[in-house]
>>> print(open('target_28.pdb').read())   # PDB, C-alpha atoms
ATOM      1  CA  MET Z 465    -109.006-105.016   9.728
ATOM      2  CA  THR Z 466    -105.527-106.328   9.247
ATOM      3  CA  SER Z 467    -103.422-103.430  10.395
ATOM      4  CA  GLU Z 468    -103.958-100.080  11.963
ATOM      5  CA  GLU Z 469    -102.264 -97.084  13.371
ATOM      6  CA  TRP Z 470    -103.595 -95.887  16.630
ATOM      7  CA  GLU Z 471    -101.910 -93.050  18.341
ATOM      8  CA  ASP Z 472    -102.694 -91.598  21.731
ATOM      9  CA  PHE Z 473    -105.610 -93.950  22.343
ATOM     10  CA  GLY Z 474    -106.044 -97.482  23.568
ATOM     11  CA  GLU Z 475    -105.788 -99.760  20.579
ATOM     12  CA  SER Z 476    -108.389-102.324  21.552
ATOM     13  CA  GLU Z 477    -110.960 -99.683  22.403
ATOM     14  CA  LEU Z 478    -110.581 -97.810  19.158
ATOM     15  CA  SER Z 479    -110.400-100.986  17.160
ATOM     16  CA  LEU Z 480    -113.780-102.015  18.515
ATOM     17  CA  LEU Z 481    -115.246 -98.567  17.994
ATOM     18  CA  GLU Z 482    -113.999 -98.448  14.435
ATOM     19  CA  THR Z 483    -115.498-101.852  13.802
ATOM     20  CA  LEU Z 484    -118.823-100.665  15.184
ATOM     21  CA  ASP Z 485    -118.671 -97.505  13.160
ATOM     22  CA  HIS Z 486    -118.289 -99.479   9.955
ATOM     23  CA  VAL Z 487    -120.440-102.512  10.633
ATOM     24  CA  LEU Z 488    -123.419-100.767  12.219
ATOM     25  CA  SER Z 489    -123.728 -97.663  10.127
ATOM     26  CA  LEU Z 490    -122.334 -98.476   6.700
ATOM     27  CA  GLY Z 491    -122.692-101.149   4.051
ATOM     28  CA  LEU Z 492    -125.397-102.541   1.828
ATOM     29  CA  VAL Z 493    -128.917-102.465   3.168
ATOM     30  CA  VAL Z 494    -131.965-104.240   1.868
ATOM     31  CA  ALA Z 495    -134.706-101.771   2.701
ATOM     32  CA  GLY Z 496    -136.585-102.588   5.843
ATOM     33  CA  GLU Z 497    -134.613-105.690   6.663
ATOM     34  CA  ILE Z 498    -132.363-104.531   9.423
ATOM     35  CA  THR Z 499    -133.748-106.543  12.276
ATOM     36  CA  ILE Z 500    -131.536-105.914  15.214
ATOM     37  CA  SER Z 501    -132.642-106.010  18.779
ATOM     38  CA  VAL Z 502    -131.382-103.506  21.275
ATOM     39  CA  ALA Z 503    -133.776-104.211  24.145
ATOM     40  CA  ASN Z 504    -133.854-101.154  26.410
ATOM     41  CA  ILE Z 505    -130.560 -99.756  25.264
ATOM     42  CA  GLU Z 506    -130.381 -96.604  23.241
ATOM     43  CA  LEU Z 507    -128.542 -97.100  20.016
ATOM     44  CA  ILE Z 508    -126.863 -93.730  20.173
ATOM     45  CA  PHE Z 509    -123.471 -95.137  19.322
ATOM     46  CA  VAL Z 510    -124.553 -95.695  15.751
ATOM     47  CA  GLY Z 511    -123.747 -92.031  15.274
ATOM     48  CA  LEU Z 512    -120.496 -91.095  13.656
ATOM     49  CA  ASN Z 513    -119.156 -89.271  16.653
ATOM     50  CA  LEU Z 514    -118.838 -92.400  18.674
ATOM     51  CA  LEU Z 515    -115.092 -92.099  18.922
ATOM     52  CA  VAL Z 516    -115.311 -88.942  20.913
ATOM     53  CA  GLY Z 517    -118.732 -89.018  22.394
ATOM     54  CA  SER Z 518    -120.201 -92.401  23.079
ATOM     55  CA  THR Z 519    -117.452 -94.579  24.407
ATOM     56  CA  GLU Z 520    -119.306 -95.246  27.603
ATOM     57  CA  THR Z 521    -122.427 -96.373  25.798
ATOM     58  CA  VAL Z 522    -120.539 -98.749  23.578
ATOM     59  CA  TYR Z 523    -118.746 -99.990  26.625
ATOM     60  CA  GLN Z 524    -122.032-100.683  28.321
ATOM     61  CA  VAL Z 525    -123.662-102.310  25.336
ATOM     62  CA  LEU Z 526    -120.883-104.408  23.949
ATOM     63  CA  GLY Z 527    -118.827-104.967  27.029
ATOM     64  CA  LYS Z 528    -121.070-105.616  29.968
ATOM     65  CA  ARG Z 529    -124.155-106.744  28.144
ATOM     66  CA  ALA Z 530    -122.362-109.406  26.156
ATOM     67  CA  ARG Z 531    -120.856-110.828  29.281
ATOM     68  CA  GLY Z 532    -123.911-110.416  31.457
ATOM     69  CA  LEU Z 533    -122.111-108.253  33.994
ATOM     70  CA  ASP Z 534    -123.826-105.884  36.375
ATOM     71  CA  PRO Z 535    -123.797-102.245  35.305
ATOM     72  CA  GLY Z 536    -121.552-101.388  38.212
ATOM     73  CA  GLU Z 537    -118.807-103.784  37.272
ATOM     74  CA  THR Z 538    -115.911-102.885  35.087
ATOM     75  CA  SER Z 539    -114.770-104.625  31.977
ATOM     76  CA  PRO Z 540    -111.151-105.666  31.589
ATOM     77  CA  ASP Z 541    -111.267-105.420  27.808
ATOM     78  CA  ILE Z 542    -112.475-101.942  27.023
ATOM     79  CA  SER Z 543    -111.422 -98.910  28.944
ATOM     80  CA  SER Z 544    -112.182 -95.274  28.508
ATOM     81  CA  ASP Z 545    -109.316 -92.784  28.274
TER
ATOM     82  CA  MET N1303    -135.292-120.014   3.160
ATOM     83  CA  ASN N1304    -134.531-117.109   5.478
ATOM     84  CA  VAL N1305    -130.882-116.100   5.548
ATOM     85  CA  TYR N1306    -128.563-113.748   7.374
ATOM     86  CA  ALA N1307    -126.502-111.799   4.783
ATOM     87  CA  TYR N1308    -122.825-110.883   5.151
ATOM     88  CA  CYS N1309    -121.644-109.712   1.759
ATOM     89  CA  LEU N1310    -121.864-109.923  -2.002
ATOM     90  CA  SER N1311    -118.893-110.807  -4.136
ATOM     91  CA  GLN N1312    -117.794-112.269  -7.424
ATOM     92  CA  GLU N1313    -114.683-114.362  -7.167
ATOM     93  CA  ALA N1314    -113.250-116.186  -4.152
ATOM     94  CA  ASP N1315    -112.244-119.550  -2.849
ATOM     95  CA  TRP N1316    -115.467-120.474  -1.135
ATOM     96  CA  SER N1317    -114.095-123.665   0.356
ATOM     97  CA  ALA N1318    -112.168-121.392   2.734
ATOM     98  CA  LEU N1319    -115.478-120.386   4.343
ATOM     99  CA  GLU N1320    -115.564-123.734   6.079
ATOM    100  CA  ALA N1321    -112.937-122.420   8.447
ATOM    101  CA  VAL N1322    -115.036-119.560   9.814
ATOM    102  CA  THR N1323    -118.189-119.300  11.912
ATOM    103  CA  GLY N1324    -120.805-116.615  11.587
ATOM    104  CA  LEU N1325    -123.649-115.403  13.764
ATOM    105  CA  ALA N1326    -124.897-117.909  16.335
ATOM    106  CA  GLY N1327    -122.032-120.216  15.408
ATOM    107  CA  GLU N1328    -123.553-120.951  12.002
ATOM    108  CA  ARG N1329    -121.299-121.815   9.067
ATOM    109  CA  PRO N1330    -121.551-119.329   6.204
ATOM    110  CA  PHE N1331    -122.269-120.576   2.716
ATOM    111  CA  VAL N1332    -122.799-119.024  -0.697
ATOM    112  CA  LEU N1333    -125.849-118.492  -2.838
ATOM    113  CA  SER N1334    -125.061-117.981  -6.490
ATOM    114  CA  TYR N1335    -126.817-115.461  -8.712
ATOM    115  CA  GLY N1336    -124.834-115.842 -11.882
ATOM    116  CA  GLU N1337    -121.898-113.465 -11.712
ATOM    117  CA  ILE N1338    -122.794-112.421  -8.182
ATOM    118  CA  VAL N1339    -122.553-114.609  -5.116
ATOM    119  CA  ALA N1340    -123.956-113.859  -1.683
ATOM    120  CA  VAL N1341    -122.283-115.052   1.495
ATOM    121  CA  VAL N1342    -125.019-115.938   3.976
ATOM    122  CA  SER N1343    -125.751-118.230   6.884
ATOM    123  CA  LYS N1344    -128.765-119.735   8.561
ATOM    124  CA  PRO N1345    -130.299-116.941  10.652
ATOM    125  CA  PRO N1346    -130.440-117.085  14.444
ATOM    126  CA  ASP N1347    -133.739-118.213  15.931
ATOM    127  CA  SER N1348    -134.089-115.092  18.049
ATOM    128  CA  PRO N1349    -133.831-111.421  17.019
ATOM    129  CA  ILE N1350    -130.275-110.370  16.282
ATOM    130  CA  ALA N1351    -128.964-108.560  19.311
ATOM    131  CA  VAL N1352    -126.323-105.865  19.057
ATOM    132  CA  THR N1353    -123.707-107.607  21.092
ATOM    133  CA  ARG N1354    -119.972-107.558  20.767
ATOM    134  CA  GLU N1355    -120.051-111.249  19.879
ATOM    135  CA  ASN N1356    -122.578-110.804  17.063
ATOM    136  CA  VAL N1357    -120.976-107.695  15.614
ATOM    137  CA  LEU N1358    -117.577-109.341  15.565
ATOM    138  CA  ALA N1359    -119.024-112.513  14.030
ATOM    139  CA  HIS N1360    -120.485-110.426  11.219
ATOM    140  CA  GLU N1361    -117.168-108.681  10.659
ATOM    141  CA  ARG N1362    -115.232-111.938  10.931
ATOM    142  CA  VAL N1363    -117.040-113.567   8.003
ATOM    143  CA  ILE N1364    -116.679-110.478   5.834
ATOM    144  CA  SER N1365    -112.988-110.189   6.726
ATOM    145  CA  HIS N1366    -112.503-113.786   5.706
ATOM    146  CA  VAL N1367    -113.850-113.054   2.239
ATOM    147  CA  PHE N1368    -112.002-109.731   2.177
ATOM    148  CA  ALA N1369    -108.696-111.552   2.655
ATOM    149  CA  GLN N1370    -109.219-113.077  -0.805
ATOM    150  CA  THR N1371    -111.162-110.466  -2.712
ATOM    151  CA  THR N1372    -113.045-107.200  -2.209
ATOM    152  CA  PRO N1373    -116.710-107.864  -1.389
ATOM    153  CA  LEU N1374    -119.621-105.486  -0.878
ATOM    154  CA  PRO N1375    -120.400-105.860   2.819
ATOM    155  CA  PHE N1376    -123.916-105.830   4.158
ATOM    156  CA  ARG N1377    -124.636-103.714   7.196
ATOM    157  CA  PHE N1378    -125.004-105.628  10.439
ATOM    158  CA  GLY N1379    -128.463-107.065  10.989
ATOM    159  CA  GLY N1380    -129.417-108.102   7.471
ATOM    160  CA  LEU N1381    -131.906-110.865   8.102
ATOM    161  CA  LEU N1382    -133.682-111.589   4.829
ATOM    162  CA  ARG N1383    -136.866-113.519   4.364
ATOM    163  CA  SER N1384    -137.217-116.207   1.762
ATOM    164  CA  GLY N1385    -136.857-114.770  -1.735
ATOM    165  CA  GLU N1386    -135.890-111.327  -0.471
ATOM    166  CA  LEU N1387    -132.224-111.637  -1.400
ATOM    167  CA  ASP N1388    -133.088-113.128  -4.802
ATOM    168  CA  ARG N1389    -135.325-110.186  -5.585
ATOM    169  CA  TYR N1390    -132.773-107.698  -4.280
ATOM    170  CA  VAL N1391    -129.955-109.047  -6.444
ATOM    171  CA  GLU N1392    -132.119-109.374  -9.526
ATOM    172  CA  ALA N1393    -133.568-105.893  -9.175
ATOM    173  CA  ASN N1394    -130.143-104.314  -8.661
ATOM    174  CA  ARG N1395    -127.912-106.594 -10.713
ATOM    175  CA  ASP N1396    -126.394-103.887 -12.932
ATOM    176  CA  SER N1397    -125.812-101.492 -10.058
ATOM    177  CA  LEU N1398    -124.260-104.225  -7.916
ATOM    178  CA  LEU N1399    -121.949-105.311 -10.730
ATOM    179  CA  GLY N1400    -120.993-101.659 -11.152
ATOM    180  CA  LEU N1401    -120.189-101.356  -7.459
ATOM    181  CA  LEU N1402    -118.198-104.591  -7.488
ATOM    182  CA  ALA N1403    -116.191-103.316 -10.450
ATOM    183  CA  ARG N1404    -115.621-100.017  -8.644
ATOM    184  CA  VAL N1405    -114.150-101.646  -5.530
ATOM    185  CA  ARG N1406    -112.347-104.550  -7.206
ATOM    186  CA  GLY N1407    -108.756-104.801  -6.040
ATOM    187  CA  ALA N1408    -109.199-101.917  -3.606
ATOM    188  CA  VAL N1409    -109.640-101.461   0.125
ATOM    189  CA  GLU N1410    -111.171 -98.789   2.312
ATOM    190  CA  MET N1411    -108.898 -96.726   4.531
ATOM    191  CA  SER N1412    -110.482 -94.619   7.225
ATOM    192  CA  VAL N1413    -109.331 -91.246   8.501
ATOM    193  CA  LYS N1414    -110.970 -89.303  11.292
ATOM    194  CA  ILE N1415    -109.621 -85.926  12.240
ATOM    195  CA  ILE N1416    -110.141 -84.382  15.602
ATOM    196  CA  HIS N1417    -109.486 -80.732  16.091
ATOM    197  CA  GLU N1418    -109.192 -79.475  19.598
ATOM    198  CA  HIS N1419    -111.381 -76.401  19.630
ATOM    199  CA  GLY N1420    -111.211 -73.850  22.348
ATOM    200  CA  SER N1421    -108.149 -71.734  21.597
ATOM    201  CA  GLU N1422    -108.159 -68.150  22.852
ATOM    202  CA  GLU N1423    -108.582 -66.974  19.293
ATOM    203  CA  GLU N1424    -111.676 -69.129  18.869
ATOM    204  CA  ASP N1425    -113.042 -68.116  22.242
ATOM    205  CA  ASP N1426    -112.840 -64.527  21.084
ATOM    206  CA  ALA N1427    -114.451 -65.362  17.773
ATOM    207  CA  VAL N1428    -117.510 -66.919  19.361
ATOM    208  CA  GLY N1429    -117.691 -64.583  22.332
ATOM    209  CA  ARG N1430    -116.948 -67.134  25.010
ATOM    210  CA  THR N1431    -114.475 -64.889  26.778
ATOM    211  CA  GLU N1432    -115.748 -62.429  29.347
ATOM    212  CA  PRO N1433    -115.502 -58.751  28.390
ATOM    213  CA  ALA N1434    -112.950 -56.796  30.413
ATOM    214  CA  GLU N1435    -115.651 -54.558  31.800
ATOM    215  CA  PRO N1436    -119.180 -55.928  31.687
ATOM    216  CA  GLU N1437    -121.413 -53.190  30.374
ATOM    217  CA  LYS N1438    -124.466 -54.210  32.309
ATOM    218  CA  VAL N1439    -126.205 -57.147  33.852
ATOM    219  CA  LEU N1440    -128.332 -58.906  31.238
ATOM    220  CA  GLY N1441    -131.873 -60.017  31.808
ATOM    221  CA  GLN N1442    -132.888 -63.638  31.284
ATOM    222  CA  GLY N1443    -134.178 -63.040  27.755
ATOM    223  CA  ALA N1444    -131.049 -61.205  26.711
ATOM    224  CA  MET N1445    -128.875 -63.922  28.242
ATOM    225  CA  PHE N1446    -130.784 -66.563  26.290
ATOM    226  CA  LEU N1447    -130.339 -64.660  23.050
ATOM    227  CA  ALA N1448    -126.649 -64.092  23.761
ATOM    228  CA  ALA N1449    -126.189 -67.808  24.375
ATOM    229  CA  LYS N1450    -127.964 -68.660  21.124
ATOM    230  CA  GLN N1451    -125.782 -66.164  19.308
ATOM    231  CA  ARG N1452    -122.634 -67.751  20.739
ATOM    232  CA  GLU N1453    -123.906 -71.194  19.822
ATOM    233  CA  SER N1454    -124.549 -70.104  16.263
ATOM    234  CA  ALA N1455    -121.114 -68.474  15.965
ATOM    235  CA  GLU N1456    -119.508 -71.610  17.366
ATOM    236  CA  SER N1457    -121.374 -73.802  14.900
ATOM    237  CA  LYS N1458    -120.277 -71.633  12.012
ATOM    238  CA  LEU N1459    -116.684 -71.664  13.188
ATOM    239  CA  PHE N1460    -116.652 -75.469  13.528
ATOM    240  CA  GLU N1461    -118.122 -75.872  10.065
ATOM    241  CA  GLU N1462    -115.605 -73.498   8.489
ATOM    242  CA  ARG N1463    -112.770 -75.305  10.212
ATOM    243  CA  ALA N1464    -114.073 -78.720   9.152
ATOM    244  CA  ARG N1465    -114.463 -77.563   5.558
ATOM    245  CA  GLU N1466    -110.953 -76.179   5.474
ATOM    246  CA  ILE N1467    -109.514 -79.424   6.855
ATOM    247  CA  ALA N1468    -111.551 -81.542   4.423
ATOM    248  CA  ASN N1469    -110.403 -79.524   1.413
ATOM    249  CA  TRP N1470    -106.805 -79.625   2.559
ATOM    250  CA  LEU N1471    -106.909 -83.387   3.078
ATOM    251  CA  LYS N1472    -108.524 -83.942  -0.306
ATOM    252  CA  GLU N1473    -105.749 -81.999  -2.032
ATOM    253  CA  GLN N1474    -103.066 -83.855  -0.140
ATOM    254  CA  LEU N1475    -104.318 -87.306  -1.117
ATOM    255  CA  ALA N1476    -105.413 -86.538  -4.680
ATOM    256  CA  GLY N1477    -103.860 -88.866  -7.202
ATOM    257  CA  ILE N1478    -103.191 -91.610  -4.701
ATOM    258  CA  VAL N1479    -106.719 -92.663  -3.826
ATOM    259  CA  LYS N1480    -109.163 -94.170  -6.284
ATOM    260  CA  ASP N1481    -112.241 -92.684  -4.683
ATOM    261  CA  SER N1482    -113.164 -90.878  -1.506
ATOM    262  CA  PHE N1483    -116.082 -90.269   0.785
ATOM    263  CA  LEU N1484    -115.767 -87.237   3.011
ATOM    264  CA  ARG N1485    -118.179 -86.167   5.651
ATOM    265  CA  LEU N1486    -117.906 -83.020   7.702
ATOM    266  CA  THR N1487    -118.602 -83.564  11.369
ATOM    267  CA  PRO N1488    -118.316 -80.023  12.644
ATOM    268  CA  THR N1489    -118.634 -80.616  16.334
ATOM    269  CA  ARG N1490    -116.456 -79.526  19.220
ATOM    270  CA  GLY N1491    -114.399 -82.700  18.864
ATOM    271  CA  MET N1492    -114.371 -84.326  15.478
ATOM    272  CA  ALA N1493    -113.993 -82.244  12.342
ATOM    273  CA  VAL N1494    -113.817 -84.630   9.410
ATOM    274  CA  LYS N1495    -114.579 -88.244   8.749
ATOM    275  CA  ALA N1496    -113.143 -89.605   5.544
ATOM    276  CA  ALA N1497    -112.996 -92.957   3.807
ATOM    277  CA  TYR N1498    -110.622 -93.603   0.925
ATOM    278  CA  LEU N1499    -110.738 -96.333  -1.637
ATOM    279  CA  VAL N1500    -107.151 -97.349  -2.238
ATOM    280  CA  GLU N1501    -105.918 -99.948  -4.692
ATOM    281  CA  ARG N1502    -104.130-102.712  -2.823
ATOM    282  CA  PRO N1503    -100.796-102.229  -4.607
ATOM    283  CA  ARG N1504    -100.818 -98.532  -3.640
ATOM    284  CA  LEU N1505    -101.381 -99.033   0.072
ATOM    285  CA  GLU N1506     -97.803 -98.341   1.065
ATOM    286  CA  GLU N1507     -97.762 -95.213  -1.038
ATOM    287  CA  TYR N1508    -100.980 -94.096   0.651
ATOM    288  CA  ARG N1509     -99.546 -94.757   4.102
ATOM    289  CA  ASP N1510     -96.352 -92.878   3.332
ATOM    290  CA  ARG N1511     -98.315 -89.940   2.011
ATOM    291  CA  LEU N1512    -100.603 -89.897   5.033
ATOM    292  CA  LYS N1513     -97.613 -89.941   7.334
ATOM    293  CA  PHE N1514     -96.271 -86.891   5.542
ATOM    294  CA  VAL N1515     -99.693 -85.216   5.685
ATOM    295  CA  ARG N1516     -99.989 -85.763   9.418
ATOM    296  CA  GLU N1517     -96.680 -84.091  10.007
ATOM    297  CA  GLN N1518     -97.878 -80.957   8.244
ATOM    298  CA  ARG N1519    -100.649 -80.288  10.751
ATOM    299  CA  PRO N1520     -99.455 -81.188  14.245
ATOM    300  CA  GLU N1521    -102.454 -79.393  15.776
ATOM    301  CA  LEU N1522    -104.771 -82.059  14.361
ATOM    302  CA  LEU N1523    -105.262 -85.507  15.807
ATOM    303  CA  PHE N1524    -105.562 -88.195  13.160
ATOM    304  CA  LEU N1525    -107.283 -91.491  13.832
ATOM    305  CA  THR N1526    -106.506 -93.804  10.963
ATOM    306  CA  SER N1527    -107.534 -97.374  10.393
ATOM    307  CA  GLY N1528    -107.713 -99.970   7.685
ATOM    308  CA  PRO N1529    -107.701-101.792   5.424
ATOM    309  CA  TRP N1530    -111.457-102.330   5.629
ATOM    310  CA  PRO N1531    -113.918-103.873   3.224
ATOM    311  CA  PRO N1532    -115.483-100.951   1.320
ATOM    312  CA  TYR N1533    -118.296-100.219   3.771
ATOM    313  CA  SER N1534    -118.431 -96.570   2.738
ATOM    314  CA  PHE N1535    -118.617 -97.329  -0.970
ATOM    315  CA  CYS N1536    -121.812 -99.364  -1.055
ATOM    316  CA  ASP N1537    -124.067 -96.469  -1.875
ATOM    317  CA  LEU N1538    -126.492 -98.453  -3.960
ATOM    318  CA  ILE N1539    -129.304 -96.286  -5.228
ATOM    319  CA  THR N1540    -132.438 -98.375  -5.463
TER
END
>>> encode(input="target_28.pdb", output="structure tokens")
Amino acid sequence: MTSEEWEDFGESELSLLETLDHVLSLGLVVAGEITISVANIELIFVGLNLLVGSTETVYQVLGKRARGLDPGETSPDISSD
Amino acid sequence: MNVYAYCLSQEADWSALEAVTGLAGERPFVLSYGEIVAVVSKPPDSPIAVTRENVLAHERVISHVFAQTTPLPFRFGGLLRSGELDRYVEANRDSLLGLLARVRGAVEMSVKIIHEHGSEEEDDAVGRTEPAEPEKVLGQGAMFLAAKQRESAESKLFEERAREIANWLKEQLAGIVKDSFLRLTPTRGMAVKAAYLVERPRLEEYRDRLKFVREQRPELLFLTSGPWPPYSFCDLIT
């Protein structure tokens, strides 16, 4: 994404959520070849309502998990409004 | 050879791919299928985890191609076994060329519209407000049925509202967008999710029009983003 207009929300948070929305739920698929691993984490953010409903889950999955933080810690990069 | 797939395209300066890294730090490269080329990389040794790093690596490679041309992006997680991509392209060559022609020179612009439900008028419509004088105390069964009735009325109201917003938006942007993909999301929060295919030279016109459109409905919250590769316009029917 090269430019965007975000109003009333944190830009970095929505930018990430928009990226997830596109990359995880849209695009070409070769049947049966999506081989992602989500361990014990529910992939509920692949729904289209993630902008209003699943911020916390995305935060947990893509924020803390990627950095190996404890669930109780907070991430400096993504914050919920 | 197993590969991880990013996108399909036709024309681009592939030498530019040397400047970008894909999943697991692998360099992307192209596989040629005549008029169609696939941008791929060596797959990771372990299963592809849904991490911020991996998702952004996927998007980064596609964005790199997208800066030069309009590709058909693969969804995240496309790990293909040896020969799988060859068979896929060969089996769908005409459809893929059709899709590439459809998106050529265009970008996807995303619009999500949130409508704040819960006005007094809507509360009345779905029976959420308390009657001035309760007629009688309801039993558990009656309360359950009343709740289901309210839920159904609420659902209907959200759907009607979403449909009205979708139709209005479609009218407002007609003539400017090349193609559109609208999805009603009649929930308490979001009402409409739309993706528009806009020709690159008309982007400013689209933005100006959308700015005007937003001003017409101050009660709606618009979340707009783009330009994106045409993720919503890869509806290949196999």
>>> resolve_selection(input="target_28.pdb", expression="the PyMOL selection byres ((chain N and resi 1371) around 12)", output="ChimeraX atom specification")
/N:1309-1316,1364-1370,1372-1375,1402-1403,1405-1409,1501-1502,1530-1532
>>> residues_around(input="target_28.pdb", residues="Ile1478 (chain N)", least_positions_apart="3", cutoff="10 Å", atoms="all atoms listed in the file", output="NGL selection string")
:N and (1474-1475 or 1481 or 1498-1501 or 1504-1505 or 1507-1508 or 1511)
>>> residues_near_point(input="target_28.pdb", point="(-121.1, -115.3, -0.4)", cutoff="8 Å", atoms="all atoms listed in the file", output="short mmCIF file (atom, residue, chain, number, x, y, z; two decimals) with C-alpha atoms, keeping the file's coordinate frame")
data_model
loop_
_atom_site.label_atom_id
_atom_site.label_comp_id
_atom_site.auth_asym_id
_atom_site.auth_seq_id
_atom_site.Cartn_x
_atom_site.Cartn_y
_atom_site.Cartn_z
CA TYR N 1308 -122.82 -110.88 5.15
CA CYS N 1309 -121.64 -109.71 1.76
CA LEU N 1310 -121.86 -109.92 -2.00
CA SER N 1311 -118.89 -110.81 -4.14
CA TRP N 1316 -115.47 -120.47 -1.14
CA PRO N 1330 -121.55 -119.33 6.20
CA PHE N 1331 -122.27 -120.58 2.72
CA VAL N 1332 -122.80 -119.02 -0.70
CA LEU N 1333 -125.85 -118.49 -2.84
CA SER N 1334 -125.06 -117.98 -6.49
CA VAL N 1339 -122.55 -114.61 -5.12
CA ALA N 1340 -123.96 -113.86 -1.68
CA VAL N 1341 -122.28 -115.05 1.50
CA VAL N 1342 -125.02 -115.94 3.98
#
>>> closest_residue(input="target_28.pdb", among="N:Val1515, N:Ala1449, N:Val1322, N:Ala1496", to="chain Z", atoms="only C-alpha atoms")
N:Ala1496
>>> atom_distance(input="target_28.pdb", atom1="CA of Leu488 (chain Z)", atom2="CA of Phe1378 (chain N)")
5.4 Å
>>> resolve_selection(input="target_28.pdb", expression="the PyMOL selection byres ((chain N and resi 1534) around 9)", output="number ranges by chain")
Z: 486, 490-491; N: 1410, 1482-1483, 1497-1499, 1531-1533, 1535-1537
>>> closest_residue(input="target_28.pdb", among="N:Arg1465, N:Lys1458, N:Arg1485, N:Arg1452", to="chain Z", atoms="only C-alpha atoms")
N:Arg1485
>>> atom_distance(input="target_28.pdb", atom1="CA of Ala1455 (chain N)", atom2="CA of Lys1414 (chain N)")
23.6 Å
>>> closest_residue(input="target_28.pdb", among="N:Glu1392, N:Glu1466, N:Glu1473, N:Glu1453", to="Val1494 (chain N)", atoms="all atoms listed in the file")
N:Glu1466
